[in-house]
$ cat coords.pdb   # PDB, C-alpha atoms
MODEL        1
ATOM      1  CA  GLU A  88    -138.816 190.827 -85.508
ATOM      2  CA  ARG A  89    -141.176 187.912 -86.037
ATOM      3  CA  ASP A  90    -141.945 189.041 -89.593
ATOM      4  CA  VAL A  91    -138.257 189.313 -90.446
ATOM      5  CA  GLY A  92    -137.632 185.728 -89.315
ATOM      6  CA  CYS A  93    -140.593 184.564 -91.310
ATOM      7  CA  GLN A  94    -139.330 186.300 -94.448
ATOM      8  CA  LEU A  95    -135.875 184.785 -94.076
ATOM      9  CA  SER A  96    -137.298 181.290 -93.814
ATOM     10  CA  LYS A  97    -139.333 181.781 -96.988
ATOM     11  CA  ARG A  98    -136.202 182.155 -99.083
ATOM     12  CA  PHE A  99    -136.269 178.365 -99.357
ATOM     13  CA  ASP A 100    -139.536 177.421-101.067
ATOM     14  CA  ILE A 101    -140.613 174.030 -99.743
ATOM     15  CA  ASN A 102    -143.689 174.137-101.993
ATOM     16  CA  LEU A 103    -141.407 174.222-105.033
ATOM     17  CA  VAL A 104    -139.608 171.125-103.730
ATOM     18  CA  VAL A 105    -142.910 169.281-103.298
ATOM     19  CA  SER A 106    -144.170 170.381-106.726
ATOM     20  CA  SER A 107    -141.002 169.231-108.483
ATOM     21  CA  ILE A 108    -141.115 165.849-106.730
ATOM     22  CA  GLU A 109    -144.786 165.381-107.621
ATOM     23  CA  GLN A 110    -144.103 166.160-111.289
ATOM     24  CA  GLY A 111    -141.201 163.737-111.343
ATOM     25  CA  GLU A 112    -143.051 160.894-109.629
ATOM     26  CA  VAL A 113    -144.798 159.934-112.865
ATOM     27  CA  VAL A 114    -141.516 158.366-114.026
ATOM     28  CA  LEU A 115    -141.371 155.844-111.187
ATOM     29  CA  ASP A 116    -143.699 153.342-112.839
ATOM     30  CA  GLN A 117    -141.836 153.850-116.125
ATOM     31  CA  VAL A 118    -138.467 152.920-114.598
ATOM     32  CA  ASP A 119    -139.696 150.073-112.410
ATOM     33  CA  GLY A 120    -137.482 147.046-113.048
ATOM     34  CA  LYS A 121    -135.828 148.712-116.061
ATOM     35  CA  ASP A 122    -132.202 149.133-117.125
ATOM     36  CA  LEU A 123    -131.514 152.862-116.949
ATOM     37  CA  VAL A 124    -129.016 155.242-118.484
ATOM     38  CA  LEU A 125    -128.778 158.294-116.250
ATOM     39  CA  ILE A 126    -127.775 161.404-118.216
ATOM     40  CA  VAL A 127    -126.345 164.039-115.898
ATOM     41  CA  GLY A 128    -124.426 167.288-116.062
ATOM     42  CA  LYS A 129    -124.705 170.936-115.187
ATOM     43  CA  THR A 130    -127.320 173.142-116.811
ATOM     44  CA  GLY A 131    -126.425 173.961-120.408
ATOM     45  CA  THR A 132    -124.188 170.966-121.086
ATOM     46  CA  GLY A 133    -126.627 169.547-123.648
ATOM     47  CA  LYS A 134    -128.568 166.807-121.851
ATOM     48  CA  SER A 135    -131.875 167.543-123.595
ATOM     49  CA  THR A 136    -130.114 167.906-126.952
ATOM     50  CA  LEU A 137    -128.542 164.480-126.470
ATOM     51  CA  ILE A 138    -131.877 162.847-125.669
ATOM     52  CA  GLN A 139    -133.497 164.482-128.702
ATOM     53  CA  SER A 140    -130.712 162.916-130.781
ATOM     54  CA  ILE A 141    -131.176 159.509-129.152
ATOM     55  CA  ALA A 142    -134.896 159.782-129.922
ATOM     56  CA  GLY A 143    -134.031 160.219-133.598
ATOM     57  CA  ARG A 144    -134.930 163.885-133.891
ATOM     58  CA  GLN A 145    -132.979 165.601-136.645
ATOM     59  CA  LEU A 146    -131.122 168.700-135.479
ATOM     60  CA  ARG A 147    -130.069 171.897-137.200
ATOM     61  CA  GLU A 148    -127.862 174.819-136.272
ATOM     62  CA  ASN A 149    -129.307 178.222-135.537
ATOM     63  CA  ILE A 150    -127.984 181.537-134.264
ATOM     64  CA  HIS A 151    -129.373 182.575-130.900
ATOM     65  CA  SER A 152    -128.975 186.024-129.360
ATOM     66  CA  CYS A 153    -128.712 186.123-125.592
ATOM     67  CA  LYS A 154    -128.430 189.083-123.256
ATOM     68  CA  SER A 155    -126.136 189.135-120.238
ATOM     69  CA  ARG A 156    -127.106 190.562-116.861
ATOM     70  CA  HIS A 157    -125.235 193.718-117.887
ATOM     71  CA  GLY A 158    -127.380 194.128-121.000
ATOM     72  CA  GLU A 159    -124.724 192.994-123.476
ATOM     73  CA  VAL A 160    -126.033 190.967-126.412
ATOM     74  CA  ALA A 161    -124.018 188.034-127.731
ATOM     75  CA  GLU A 162    -124.733 185.534-130.475
ATOM     76  CA  LYS A 163    -124.020 181.832-130.229
ATOM     77  CA  VAL A 164    -124.634 178.727-132.302
ATOM     78  CA  VAL A 165    -127.417 176.565-130.869
ATOM     79  CA  PHE A 166    -129.165 173.392-131.983
ATOM     80  CA  GLU A 167    -132.873 172.927-132.572
ATOM     81  CA  THR A 168    -135.005 170.026-133.728
ATOM     82  CA  VAL A 169    -136.133 170.127-137.347
ATOM     83  CA  GLN A 170    -139.377 168.275-136.668
ATOM     84  CA  GLU A 171    -141.535 168.279-133.550
ATOM     85  CA  ALA A 172    -139.364 167.908-130.472
ATOM     86  CA  LEU A 173    -139.708 164.986-128.098
ATOM     87  CA  PRO A 174    -142.128 166.324-125.449
ATOM     88  CA  GLY A 175    -140.657 166.961-122.028
ATOM     89  CA  PHE A 176    -137.109 167.404-123.307
ATOM     90  CA  GLU A 177    -137.259 170.866-124.837
ATOM     91  CA  ILE A 178    -133.853 172.351-125.628
ATOM     92  CA  GLY A 179    -133.139 175.558-123.745
ATOM     93  CA  HIS A 180    -130.765 178.261-124.952
ATOM     94  CA  GLU A 181    -130.583 180.440-121.851
ATOM     95  CA  LYS A 182    -128.547 179.939-118.695
ATOM     96  CA  THR A 183    -131.667 178.974-116.753
ATOM     97  CA  SER A 184    -132.550 175.302-116.932
ATOM     98  CA  MET A 185    -135.592 174.255-118.966
ATOM     99  CA  THR A 186    -135.757 171.016-116.964
ATOM    100  CA  THR A 187    -137.434 171.292-113.560
ATOM    101  CA  HIS A 188    -138.037 167.638-112.702
ATOM    102  CA  VAL A 189    -136.815 164.144-113.499
ATOM    103  CA  SER A 190    -138.060 162.786-116.838
ATOM    104  CA  CYS A 191    -137.419 159.622-118.803
ATOM    105  CA  TYR A 192    -137.421 158.533-122.423
ATOM    106  CA  ASP A 193    -138.325 154.938-123.261
ATOM    107  CA  PRO A 194    -137.583 154.193-126.953
ATOM    108  CA  ARG A 195    -140.044 151.306-126.898
ATOM    109  CA  LYS A 196    -142.907 153.775-126.599
ATOM    110  CA  GLU A 197    -142.005 154.950-130.095
ATOM    111  CA  GLY A 198    -141.856 151.406-131.426
ATOM    112  CA  LYS A 199    -138.071 151.088-131.220
ATOM    113  CA  LYS A 200    -136.237 148.003-130.028
ATOM    114  CA  SER A 201    -134.364 148.820-126.851
ATOM    115  CA  ASN A 202    -134.033 147.496-123.338
ATOM    116  CA  LEU A 203    -132.676 150.800-122.038
ATOM    117  CA  VAL A 204    -134.583 153.757-120.604
ATOM    118  CA  TYR A 205    -132.878 157.163-120.573
ATOM    119  CA  VAL A 206    -133.363 159.402-117.545
ATOM    120  CA  ASP A 207    -132.866 163.163-117.716
ATOM    121  CA  CYS A 208    -132.809 165.404-114.680
ATOM    122  CA  PRO A 209    -132.220 169.081-113.879
ATOM    123  CA  GLY A 210    -128.581 170.073-113.712
ATOM    124  CA  PHE A 211    -126.926 169.534-110.359
ATOM    125  CA  GLU A 212    -126.199 172.824-108.571
ATOM    126  CA  ASP A 213    -128.975 173.967-110.867
ATOM    127  CA  THR A 214    -129.686 177.512-111.970
ATOM    128  CA  ASN A 215    -133.265 177.041-110.757
ATOM    129  CA  GLY A 216    -132.093 176.969-107.151
ATOM    130  CA  HIS A 217    -131.544 174.652-104.220
ATOM    131  CA  GLU A 218    -135.196 173.601-104.193
ATOM    132  CA  ILE A 219    -134.864 171.849-107.561
ATOM    133  CA  ASP A 220    -131.559 170.344-106.447
ATOM    134  CA  VAL A 221    -133.176 168.850-103.332
ATOM    135  CA  ALA A 222    -136.174 167.554-105.296
ATOM    136  CA  THR A 223    -133.898 165.994-107.921
ATOM    137  CA  SER A 224    -131.872 164.206-105.249
ATOM    138  CA  VAL A 225    -135.016 162.799-103.651
ATOM    139  CA  MET A 226    -136.359 161.613-106.996
ATOM    140  CA  LEU A 227    -133.078 160.035-108.110
ATOM    141  CA  SER A 228    -133.010 158.110-104.854
ATOM    142  CA  LYS A 229    -136.513 156.802-105.592
ATOM    143  CA  VAL A 230    -135.594 156.001-109.197
ATOM    144  CA  ALA A 231    -132.540 154.054-108.007
ATOM    145  CA  GLU A 232    -134.731 152.027-105.647
ATOM    146  CA  ARG A 233    -137.139 151.050-108.420
ATOM    147  CA  CYS A 234    -134.836 150.356-111.370
ATOM    148  CA  ARG A 235    -132.997 147.121-112.148
ATOM    149  CA  SER A 236    -129.654 148.669-113.110
ATOM    150  CA  LEU A 237    -127.870 151.955-113.769
ATOM    151  CA  ARG A 238    -125.300 153.286-116.213
ATOM    152  CA  PHE A 239    -124.076 156.891-116.198
ATOM    153  CA  ILE A 240    -123.346 159.420-118.921
ATOM    154  CA  ILE A 241    -121.749 162.590-117.562
ATOM    155  CA  LEU A 242    -121.829 165.591-119.878
ATOM    156  CA  VAL A 243    -119.009 168.100-119.455
ATOM    157  CA  SER A 244    -118.883 171.448-121.232
ATOM    158  CA  PHE A 245    -115.464 171.907-122.827
ATOM    159  CA  VAL A 246    -115.959 175.670-122.432
ATOM    160  CA  SER A 247    -116.202 175.237-118.644
ATOM    161  CA  LEU A 248    -113.182 172.954-118.664
ATOM    162  CA  ILE A 249    -111.122 175.623-120.436
ATOM    163  CA  GLU A 250    -112.367 178.539-118.338
ATOM    164  CA  ASP A 251    -112.290 176.878-114.928
ATOM    165  CA  ARG A 252    -110.233 173.707-114.956
ATOM    166  CA  GLY A 253    -110.348 173.080-111.223
ATOM    167  CA  GLY A 254    -114.016 174.018-110.822
ATOM    168  CA  ALA A 255    -115.157 171.878-113.746
ATOM    169  CA  MET A 256    -113.362 168.810-112.434
ATOM    170  CA  ARG A 257    -114.663 169.349-108.914
ATOM    171  CA  SER A 258    -118.195 169.378-110.338
ATOM    172  CA  VAL A 259    -117.513 166.100-112.159
ATOM    173  CA  LEU A 260    -116.128 164.553-108.977
ATOM    174  CA  ARG A 261    -119.182 165.608-106.988
ATOM    175  CA  LEU A 262    -121.380 163.828-109.514
ATOM    176  CA  ILE A 263    -119.258 160.683-109.389
ATOM    177  CA  ARG A 264    -119.327 160.625-105.585
ATOM    178  CA  SER A 265    -123.112 160.882-105.712
ATOM    179  CA  PHE A 266    -123.452 157.842-107.949
ATOM    180  CA  SER A 267    -120.572 155.524-107.113
ATOM    181  CA  ARG A 268    -119.118 154.163-103.895
ATOM    182  CA  ASN A 269    -115.807 153.417-105.647
ATOM    183  CA  PHE A 270    -115.023 154.953-109.035
ATOM    184  CA  ILE A 271    -112.045 152.711-109.811
ATOM    185  CA  ASP A 272    -114.154 149.586-109.331
ATOM    186  CA  GLU A 273    -117.140 150.978-111.237
ATOM    187  CA  ARG A 274    -115.416 153.198-113.820
ATOM    188  CA  ARG A 275    -116.683 151.117-116.751
ATOM    189  CA  SER A 276    -120.222 152.143-115.836
ATOM    190  CA  PHE A 277    -119.393 155.753-116.751
ATOM    191  CA  MET A 278    -119.102 157.562-120.062
ATOM    192  CA  PHE A 279    -117.791 161.139-120.148
ATOM    193  CA  LEU A 280    -119.233 163.083-123.059
ATOM    194  CA  PHE A 281    -117.664 166.476-123.794
ATOM    195  CA  THR A 282    -119.886 169.135-125.344
ATOM    196  CA  HIS A 283    -119.671 172.661-126.795
ATOM    197  CA  THR A 284    -116.288 172.039-128.407
ATOM    198  CA  ASN A 285    -117.571 174.051-131.384
ATOM    199  CA  GLU A 286    -117.523 177.188-129.215
ATOM    200  CA  ILE A 287    -113.751 177.106-128.701
ATOM    201  CA  GLN A 288    -111.704 178.760-131.415
ATOM    202  CA  GLY A 289    -109.048 176.486-132.857
ATOM    203  CA  VAL A 290    -110.753 173.218-131.915
ATOM    204  CA  PRO A 291    -111.324 171.094-135.052
ATOM    205  CA  ASN A 292    -114.941 170.549-136.048
ATOM    206  CA  SER A 293    -114.540 166.787-136.064
ATOM    207  CA  ILE A 294    -114.897 164.065-133.453
ATOM    208  CA  GLU A 295    -111.262 162.966-133.595
ATOM    209  CA  GLY A 296    -109.905 166.513-133.745
ATOM    210  CA  ALA A 297    -112.011 167.611-130.787
ATOM    211  CA  LYS A 298    -110.977 164.521-128.802
ATOM    212  CA  ALA A 299    -107.325 165.420-129.350
ATOM    213  CA  SER A 300    -107.940 168.959-128.068
ATOM    214  CA  ILE A 301    -109.792 167.674-125.005
ATOM    215  CA  ARG A 302    -107.053 165.155-124.284
ATOM    216  CA  GLY A 303    -104.475 167.936-124.376
ATOM    217  CA  GLU A 304    -106.467 169.924-121.830
ATOM    218  CA  ILE A 305    -106.921 166.859-119.609
ATOM    219  CA  VAL A 306    -103.147 166.301-119.653
ATOM    220  CA  ARG A 307    -102.547 169.935-118.658
ATOM    221  CA  ILE A 308    -104.966 169.604-115.740
ATOM    222  CA  SER A 309    -103.291 166.341-114.681
ATOM    223  CA  ASN A 310     -99.886 168.016-114.709
ATOM    224  CA  GLY A 311    -101.205 170.679-112.344
ATOM    225  CA  LYS A 312    -100.914 168.276-109.395
ATOM    226  CA  PRO A 313    -104.600 167.596-108.675
ATOM    227  CA  ASP A 314    -105.611 165.503-105.675
ATOM    228  CA  GLU A 315    -105.456 161.718-105.941
ATOM    229  CA  GLU A 316    -109.186 161.248-106.492
ATOM    230  CA  SER A 317    -109.255 163.793-109.325
ATOM    231  CA  LEU A 318    -106.159 162.259-110.884
ATOM    232  CA  GLU A 319    -107.825 158.834-111.016
ATOM    233  CA  VAL A 320    -110.718 160.258-113.029
ATOM    234  CA  LEU A 321    -108.453 162.365-115.249
ATOM    235  CA  THR A 322    -106.195 159.392-115.984
ATOM    236  CA  PHE A 323    -109.189 157.262-116.946
ATOM    237  CA  ILE A 324    -110.561 159.960-119.264
ATOM    238  CA  GLU A 325    -107.162 160.617-120.867
ATOM    239  CA  ALA A 326    -106.533 156.916-121.521
ATOM    240  CA  SER A 327    -110.024 156.506-122.985
ATOM    241  CA  LEU A 328    -109.485 159.433-125.365
ATOM    242  CA  ARG A 329    -105.969 158.335-126.340
ATOM    243  CA  LYS A 330    -106.820 154.675-126.924
ATOM    244  CA  ASN A 331    -110.325 155.270-128.316
ATOM    245  CA  TYR A 332    -111.921 153.421-125.444
ATOM    246  CA  PRO A 333    -115.695 153.937-125.334
ATOM    247  CA  PHE A 334    -115.725 155.712-121.966
ATOM    248  CA  ALA A 335    -114.940 159.240-123.181
ATOM    249  CA  SER A 336    -116.008 160.989-126.365
ATOM    250  CA  VAL A 337    -117.353 164.180-127.920
ATOM    251  CA  PHE A 338    -120.935 165.188-128.622
ATOM    252  CA  LEU A 339    -121.119 167.138-131.879
ATOM    253  CA  PRO A 340    -124.873 167.083-132.589
ATOM    254  CA  LEU A 341    -124.630 167.286-136.399
ATOM    255  CA  ARG A 342    -121.911 164.620-136.554
ATOM    256  CA  PHE A 343    -123.334 162.342-133.894
ATOM    257  CA  ASP A 344    -123.817 158.678-134.817
ATOM    258  CA  VAL A 345    -126.780 157.746-132.628
ATOM    259  CA  GLN A 346    -126.788 154.063-133.547
ATOM    260  CA  GLU A 347    -123.098 153.670-132.736
ATOM    261  CA  PHE A 348    -123.591 155.553-129.469
ATOM    262  CA  VAL A 349    -126.457 153.314-128.345
ATOM    263  CA  GLU A 350    -124.544 150.179-129.336
ATOM    264  CA  THR A 351    -121.572 151.401-127.306
ATOM    265  CA  ILE A 352    -123.752 151.737-124.223
ATOM    266  CA  HIS A 353    -125.134 148.229-124.721
ATOM    267  CA  LYS A 354    -121.802 146.558-125.418
ATOM    268  CA  HIS A 355    -119.294 148.391-123.270
ATOM    269  CA  LEU A 356    -120.911 150.160-120.318
ATOM    270  CA  THR A 357    -121.318 147.741-117.445
ATOM    271  CA  TYR A 358    -124.254 148.228-115.133
ATOM    272  CA  VAL A 359    -124.429 148.729-111.386
ATOM    273  CA  ASP A 360    -127.409 148.285-109.119
ATOM    274  CA  GLY A 361    -129.052 151.344-107.629
ATOM    275  CA  SER A 362    -128.419 150.542-103.968
ATOM    276  CA  TYR A 363    -125.715 153.174-103.432
ATOM    277  CA  LEU A 364    -127.618 156.035-105.075
ATOM    278  CA  ALA A 365    -130.821 154.951-103.323
ATOM    279  CA  THR A 366    -129.204 155.448 -99.916
ATOM    280  CA  ASN A 367    -126.727 158.214-100.762
ATOM    281  CA  CYS A 368    -129.393 160.444-102.354
ATOM    282  CA  GLY A 369    -126.786 162.487-104.250
ATOM    283  CA  LEU A 370    -127.563 165.818-102.598
ATOM    284  CA  THR A 371    -124.930 168.450-103.356
ATOM    285  CA  GLN A 372    -123.042 169.987-100.458
ATOM    286  CA  SER A 373    -124.386 173.500-101.059
ATOM    287  CA  SER A 374    -127.994 172.289-101.102
ATOM    288  CA  ARG A 375    -127.369 170.113 -98.059
ATOM    289  CA  LEU A 376    -126.169 173.191 -96.155
ATOM    290  CA  THR A 377    -129.136 175.237 -97.384
ATOM    291  CA  LEU A 378    -131.582 172.531 -96.321
ATOM    292  CA  CYS A 379    -129.945 172.218 -92.885
ATOM    293  CA  GLY A 380    -130.095 175.987 -92.490
ATOM    294  CA  GLU A 381    -133.780 176.001 -93.386
ATOM    295  CA  LEU A 382    -134.512 173.274 -90.840
ATOM    296  CA  GLN A 383    -132.617 175.149 -88.129
ATOM    297  CA  SER A 384    -134.485 178.342 -88.972
ATOM    298  CA  SER A 385    -137.840 176.553 -88.800
ATOM    299  CA  LEU A 386    -136.939 174.992 -85.445
ATOM    300  CA  GLN A 387    -136.012 178.392 -84.032
ATOM    301  CA  LEU A 388    -139.302 179.858 -85.215
ATOM    302  CA  LEU A 389    -141.165 176.904 -83.721
ATOM    303  CA  ARG A 390    -139.479 177.355 -80.330
ATOM    304  CA  ARG A 391    -140.243 181.071 -80.412
ATOM    305  CA  GLU A 392    -143.910 180.486 -81.149
ATOM    306  CA  LEU A 393    -144.259 177.747 -78.532
ATOM    307  CA  HIS A 394    -142.894 180.090 -75.883
ATOM    308  CA  SER A 395    -145.076 183.018 -76.887
ATOM    309  CA  GLU A 396    -148.375 183.822 -75.193
ATOM    310  CA  HIS A 397    -150.361 183.474 -78.411
ATOM    311  CA  PRO A 398    -148.678 180.957 -80.738
ATOM    312  CA  GLU A 399    -149.310 181.507 -84.445
ATOM    313  CA  MET A 400    -148.179 178.351 -86.202
ATOM    314  CA  GLU A 401    -148.615 179.800 -89.691
ATOM    315  CA  HIS A 402    -145.451 181.797 -89.011
ATOM    316  CA  VAL A 403    -143.514 178.540 -88.865
ATOM    317  CA  MET A 404    -144.940 176.990 -92.022
TER     318      MET A 404
ENDMDL
END

$ encode --input "coords.pdb" --output "structure tokens"
Amino acid sequence: ERDVGCQLSKRFDINLVVSSIEQGEVVLDQVDGKDLVLIVGKTGTGKSTLIQSIAGRQLRENIHSCKSRHGEVAEKVVFETVQEALPGFEIGHEKTSMTTHVSCYDPRKEGKKSNLVYVDCPGFEDTNGHEIDVATSVMLSKVAERCRSLRFIILVSFVSLIEDRGGAMRSVLRLIRSFSRNFIDERRSFMFLFTHTNEIQGVPNSIEGAKASIRGEIVRISNGKPDEESLEVLTFIEASLRKNYPFASVFLPLRFDVQEFVETIHKHLTYVDGSYLATNCGLTQSSRLTLCGELQSSLQLLRRELHSEHPEMEHVM
């Protein structure tokens, strides 16, 4: 019975949490007192690809074969760097995240003029498990404490939006709640960047054409009577797409104007301080429940050992 309890508690790997935090801690000195752009989104939305573009790495299309859990092989268009990739931001093509800890890119280290530092982190509700999610939340809280200001770029896969309208928007809302105490007041600190539009048949392979398709989908979701909080975000995105406001756009890697994108961030995205994220931590609900369950399990094991004739504390650790 004791061994079974021990095995159950090991499903949550606290050592992986510690390791991920330790790897991410190297960024703290790099973000100290800096103006940050936090690039967030679920695994596979293109965060690393975006940072490679911002870093000036030329991209090219390639065909990648991937196998499903059922053994079926499918081909998809992916993007790779032509020259050596920016270290630490390797582009993954599988459903498992390549990013396991918080990283940052400071253009000044490559001799570029910029007062912004870009922060990349593993996808929330990440495919690498709750441990990475917990570690990311801890690190983002520390980053928010150390930085001077924050702006947010939320990447949203258009494929996910088409396939699961409600689920995709709920994921976006969870991110917003993690970073902002009041979206309406701080909405100009956010940019929503839609990705993978090239994977949807019938969507034009142009920025303006893709924006029109996304706007149509946003309108359909809005007409489905979402809750008030979701409707506020949807209305803001729709208006930005319709009026060409700089708070919603499309990321087509081969048609992406990096200079215009960076200038947009500088000129139009207002900054917020990191006080809310520093205290809110941004932990997702599923990981919060998992962490609470792990703590309860450890407490039960501790009580059991303390009441046994020969306590063996290694069973609790």

$ resolve_selection --input "coords.pdb" --expression "the PyMOL selection byres ((chain A and resi 168) around 10)" --output "list in words"
Thr136, Gln139, Ser140, Gly143, Arg144, Gln145, Leu146, Arg147, Glu148, Phe166, Glu167, Val169, Gln170, Glu171, Ala172, Leu173, Glu177 and Ile178 of chain A

$ resolve_selection --input "coords.pdb" --expression "the PyMOL selection byres ((chain A and resi 249) around 12)" --output "MDAnalysis selection string"
chainID A and resid 243:248 250:256 281:284 286:288 290 300:305 307:308

$ atom_distance --input "coords.pdb" --atom1 "atom CA of A:Val124" --atom2 "atom CA of A:His217"
24.2 Å

$ resolve_selection --input "coords.pdb" --expression "the PyMOL selection byres ((chain A and resi 259-274) around 7)" --output "ChimeraX atom specification"
/A:255-258,275-277,317,363-364,367,369

$ atom_distance --input "coords.pdb" --atom1 "atom CA of A:Glu381" --atom2 "atom CA of A:Lys229"
22.9 Å

$ closest_residue --input "coords.pdb" --among "A:Leu242, A:Leu321, A:Ala222, A:Val127" --to "A:Ile101" --atoms "all atoms listed in the file"
A:Ala222

$ atom_distance --input "coords.pdb" --atom1 "atom CA of A:Ser309" --atom2 "atom CA of A:Asn292"
24.7 Å

$ residues_near_point --input "coords.pdb" --point "(-105.0, 162.9, -128.4)" --cutoff "12 Å" --atoms "only C-alpha atoms" --output "PyMOL selection string"
chain A and resi 294-306+324-331+335-336

$ axis_aligned_box --input "coords.pdb" --around "stretch 260-271 of chain A" --padding-each-side "6 Å" --output "JSON"
{"center_x": -117.7, "center_y": 159.2, "center_z": -106.9, "size_x": 23.4, "size_y": 24.9, "size_z": 17.9}

$ residues_around --input "coords.pdb" --residues "A:Ala231" --least-positions-apart "6" --cutoff "7 Å" --atoms "only C-alpha atoms" --output "ChimeraX atom specification"
/A:361-362,364-365

$ decode --input "coords.pdb" --residues "stretch 93-122 of chain A" --atoms "C-alpha atoms" --output "compact mmCIF listing (two decimals), in the first residue's frame"
# COMPACT_ATOMS: atom_id res chain seq x y z
CA CYS A 93 4.61 6.60 -3.35
CA GLN A 94 4.20 5.78 -7.04
CA LEU A 95 1.11 7.97 -7.34
CA SER A 96 2.92 10.94 -5.84
CA LYS A 97 5.79 10.55 -8.31
CA ARG A 98 3.52 11.29 -11.25
CA PHE A 99 4.29 14.95 -10.58
CA ASP A 100 8.05 15.39 -10.98
CA ILE A 101 9.16 18.16 -8.63
CA ASN A 102 12.75 17.74 -9.85
CA LEU A 103 11.63 18.72 -13.35
CA VAL A 104 10.03 21.87 -11.92
CA VAL A 105 13.25 22.79 -10.12
CA SER A 106 15.39 22.05 -13.19
CA SER A 107 13.22 24.19 -15.46
CA ILE A 108 13.29 27.09 -12.99
CA GLU A 109 17.07 26.85 -12.64
CA GLN A 110 17.54 26.91 -16.42
CA GLY A 111 15.25 29.91 -16.73
CA GLU A 112 16.87 31.90 -13.92
CA VAL A 113 19.72 32.98 -16.18
CA VAL A 114 17.32 35.44 -17.84
CA LEU A 115 16.65 37.39 -14.64
CA ASP A 116 19.77 39.54 -14.90
CA GLN A 117 19.05 40.06 -18.60
CA VAL A 118 15.57 41.46 -17.94
CA ASP A 119 16.45 43.52 -14.88
CA GLY A 120 15.10 47.04 -15.38
CA LYS A 121 14.29 46.36 -19.05
CA ASP A 122 11.21 46.98 -21.19
